[in-house]
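The block underneath contains the structure these notes are about, expressed in C-alpha cells.
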Amino acid sequence: MPPFSFRLEQVRLYRKQLEEQAMQALAQAVMQRDATKARIAALEEKLLEQRARLCEAHSLSSGERWLAGMYETALKQDLAEAERLFAEQENLVDQRRVDLVQKAKDHGLLDNLKKKQTERHLLAERQKEQHTNDETATLRHSPVTI
C-alpha cells in the first residue's frame, strides 16, 4: 500500500497559518491595550499630583492659578481620550480572541480529520498484511494433493 497522504494537507497548513496570524494579532492588540492602561494610570497620577499642588499652593497669582487650571483641564481631556481608546482596544481584544478561537477550531477539525484518516489507513494496511499472512499460512499448511 502506498504511504498515507492527507489530501487536505495544504488546507490544514493554511488554516494553521491563519491561526498563528490570529495569535499574533491578539498579542499585538493586548500589548496596545496594556500600554494604554499604563498611560491611563500615569495620567491619573499626574492629575492627582496637580490637584494636590493646587490645594497646597495658596500664594499663586491669578495667572498661575489659571495656568494650573488649564493644565488640569488638559490632563482630564487626555485621560478621557485615553479611557475612550482603552474601551475601543478592549473591544478589539475581544474580537481578536473570538477570531482566534474560530480559527483554532477550523484548524483543529482538519487535524482531527487527518488523525482519523491516518488511523483508517494504518488499519487497512494491517488488515491487508494480515490477509496476506493468512493466505500464505493456508497455502503452506494445506494438505498436498497428488
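The chains in the C-alpha cells are called A, B, ... from first to last as shown; in each chain the residues are counted from 1, and the ligands are counted from 1 in the order shown.
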
Just want the 9 Å neighbourhood of range 83-88 of chain A, counted on only C-alpha atoms, with same-chain residues fewer than 5 positions away dropped. Output as a tab-separated table (two decimals) with all heavy atoms, in the first residue's frame.
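After the write, selection.tsv holds the following:
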chain	number	residue	atom	x	y	z
A	32	GLN	N	-1.08	46.70	22.96
A	32	GLN	CA	-1.55	48.08	22.80
A	32	GLN	C	-2.51	48.45	23.92
A	32	GLN	O	-2.45	49.56	24.46
A	32	GLN	CB	-2.23	48.25	21.44
A	32	GLN	CG	-1.27	48.23	20.28
A	32	GLN	CD	-1.97	48.26	18.94
A	32	GLN	OE1	-3.17	48.06	18.85
A	32	GLN	NE2	-1.20	48.50	17.89
A	33	ARG	N	-3.38	47.53	24.28
A	33	ARG	CA	-4.33	47.79	25.37
A	33	ARG	C	-3.60	48.01	26.69
A	33	ARG	O	-3.91	48.92	27.45
A	33	ARG	CB	-5.31	46.63	25.50
A	33	ARG	CG	-6.34	46.83	26.60
A	33	ARG	CD	-6.96	45.56	27.04
A	33	ARG	NE	-5.93	44.68	27.57
A	33	ARG	CZ	-6.14	43.41	27.88
A	33	ARG	NH1	-7.30	42.87	27.67
A	33	ARG	NH2	-5.17	42.67	28.38
A	34	ASP	N	-2.58	47.18	26.94
A	34	ASP	CA	-1.82	47.31	28.18
A	34	ASP	C	-1.04	48.62	28.23
A	34	ASP	O	-0.91	49.24	29.29
A	34	ASP	CB	-0.88	46.11	28.36
A	34	ASP	CG	-1.63	44.82	28.63
A	34	ASP	OD1	-2.85	44.88	28.94
A	34	ASP	OD2	-1.01	43.74	28.53
A	36	THR	N	-1.97	51.40	26.78
A	36	THR	CA	-2.96	52.44	27.04
A	36	THR	C	-3.37	52.43	28.51
A	36	THR	O	-3.55	53.49	29.12
A	36	THR	CB	-4.20	52.25	26.14
A	36	THR	OG1	-3.77	52.28	24.78
A	36	THR	CG2	-5.23	53.33	26.36
A	37	LYS	N	-3.46	51.25	29.10
A	37	LYS	CA	-3.80	51.15	30.52
A	37	LYS	C	-2.71	51.80	31.37
A	37	LYS	O	-3.00	52.51	32.34
A	37	LYS	CB	-3.97	49.68	30.90
A	37	LYS	CG	-4.50	49.45	32.29
A	37	LYS	CD	-4.75	47.97	32.52
A	37	LYS	CE	-5.34	47.71	33.88
A	37	LYS	NZ	-5.60	46.29	34.10
A	40	ILE	N	-3.09	55.52	31.09
A	40	ILE	CA	-4.19	55.99	31.93
A	40	ILE	C	-3.73	56.13	33.38
A	40	ILE	O	-4.02	57.13	34.05
A	40	ILE	CB	-5.41	55.05	31.83
A	40	ILE	CG1	-6.07	55.20	30.47
A	40	ILE	CG2	-6.42	55.31	32.94
A	40	ILE	CD1	-7.15	54.18	30.18
A	78	ASP	N	-7.03	64.52	28.25
A	78	ASP	CA	-6.15	63.43	27.85
A	78	ASP	C	-6.59	62.11	28.49
A	78	ASP	O	-6.58	61.06	27.85
A	78	ASP	CB	-4.70	63.73	28.23
A	78	ASP	CG	-4.07	64.80	27.37
A	78	ASP	OD1	-4.68	65.17	26.34
A	78	ASP	OD2	-2.97	65.28	27.73
A	93	VAL	N	-9.61	43.56	21.42
A	93	VAL	CA	-9.04	42.35	22.02
A	93	VAL	C	-10.08	41.24	22.05
A	93	VAL	O	-9.80	40.09	21.71
A	93	VAL	CB	-8.48	42.63	23.43
A	93	VAL	CG1	-8.20	41.35	24.20
A	93	VAL	CG2	-7.21	43.48	23.34

Between CA of Arg39 in chain A and CA of Arg65 in chain A - distance in Å to one decimal: 25.8 Å

Give me, as JSON lines, each residue of range 1-89 of chain A that comes within 12 Å of range 100-111 of chain A, together with its shortest interatomic pair and the distance in Å at one decimal, counting only C-alpha atoms, with rows ordered by chain and rising residue number.
{"residue": "A:Phe6", "atom": "CA", "partner": "A:Leu110", "partner_atom": "CA", "distance": 9.9}
{"residue": "A:Arg7", "atom": "CA", "partner": "A:Leu110", "partner_atom": "CA", "distance": 10.7}
{"residue": "A:Leu8", "atom": "CA", "partner": "A:Leu110", "partner_atom": "CA", "distance": 7.8}
{"residue": "A:Glu9", "atom": "CA", "partner": "A:Leu110", "partner_atom": "CA", "distance": 8.4}
{"residue": "A:Gln10", "atom": "CA", "partner": "A:Leu110", "partner_atom": "CA", "distance": 10.5}
{"residue": "A:Val11", "atom": "CA", "partner": "A:Leu110", "partner_atom": "CA", "distance": 8.2}
{"residue": "A:Arg12", "atom": "CA", "partner": "A:Leu110", "partner_atom": "CA", "distance": 5.8}
{"residue": "A:Leu13", "atom": "CA", "partner": "A:His107", "partner_atom": "CA", "distance": 8.2}
{"residue": "A:Tyr14", "atom": "CA", "partner": "A:His107", "partner_atom": "CA", "distance": 8.6}
{"residue": "A:Arg15", "atom": "CA", "partner": "A:His107", "partner_atom": "CA", "distance": 5.3}
{"residue": "A:Lys16", "atom": "CA", "partner": "A:His107", "partner_atom": "CA", "distance": 5.7}
{"residue": "A:Gln17", "atom": "CA", "partner": "A:His107", "partner_atom": "CA", "distance": 9.1}
{"residue": "A:Leu18", "atom": "CA", "partner": "A:Lys103", "partner_atom": "CA", "distance": 6.8}
{"residue": "A:Glu19", "atom": "CA", "partner": "A:Lys103", "partner_atom": "CA", "distance": 5.1}
{"residue": "A:Glu20", "atom": "CA", "partner": "A:Leu100", "partner_atom": "CA", "distance": 8.5}
{"residue": "A:Gln21", "atom": "CA", "partner": "A:Leu100", "partner_atom": "CA", "distance": 8.7}
{"residue": "A:Ala22", "atom": "CA", "partner": "A:Leu100", "partner_atom": "CA", "distance": 5.2}
{"residue": "A:Met23", "atom": "CA", "partner": "A:Leu100", "partner_atom": "CA", "distance": 6.3}
{"residue": "A:Gln24", "atom": "CA", "partner": "A:Leu100", "partner_atom": "CA", "distance": 9.5}
{"residue": "A:Ala25", "atom": "CA", "partner": "A:Leu100", "partner_atom": "CA", "distance": 8.9}
{"residue": "A:Leu26", "atom": "CA", "partner": "A:Leu100", "partner_atom": "CA", "distance": 7.7}
{"residue": "A:Ala27", "atom": "CA", "partner": "A:Leu100", "partner_atom": "CA", "distance": 10.7}

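CA of Ala82 in chain A lies 16.3 Å from CA of Leu48 in chain A.
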
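Separating CA of Lys76 in chain A from CA of Leu54 in chain A is a distance of 14.9 Å.
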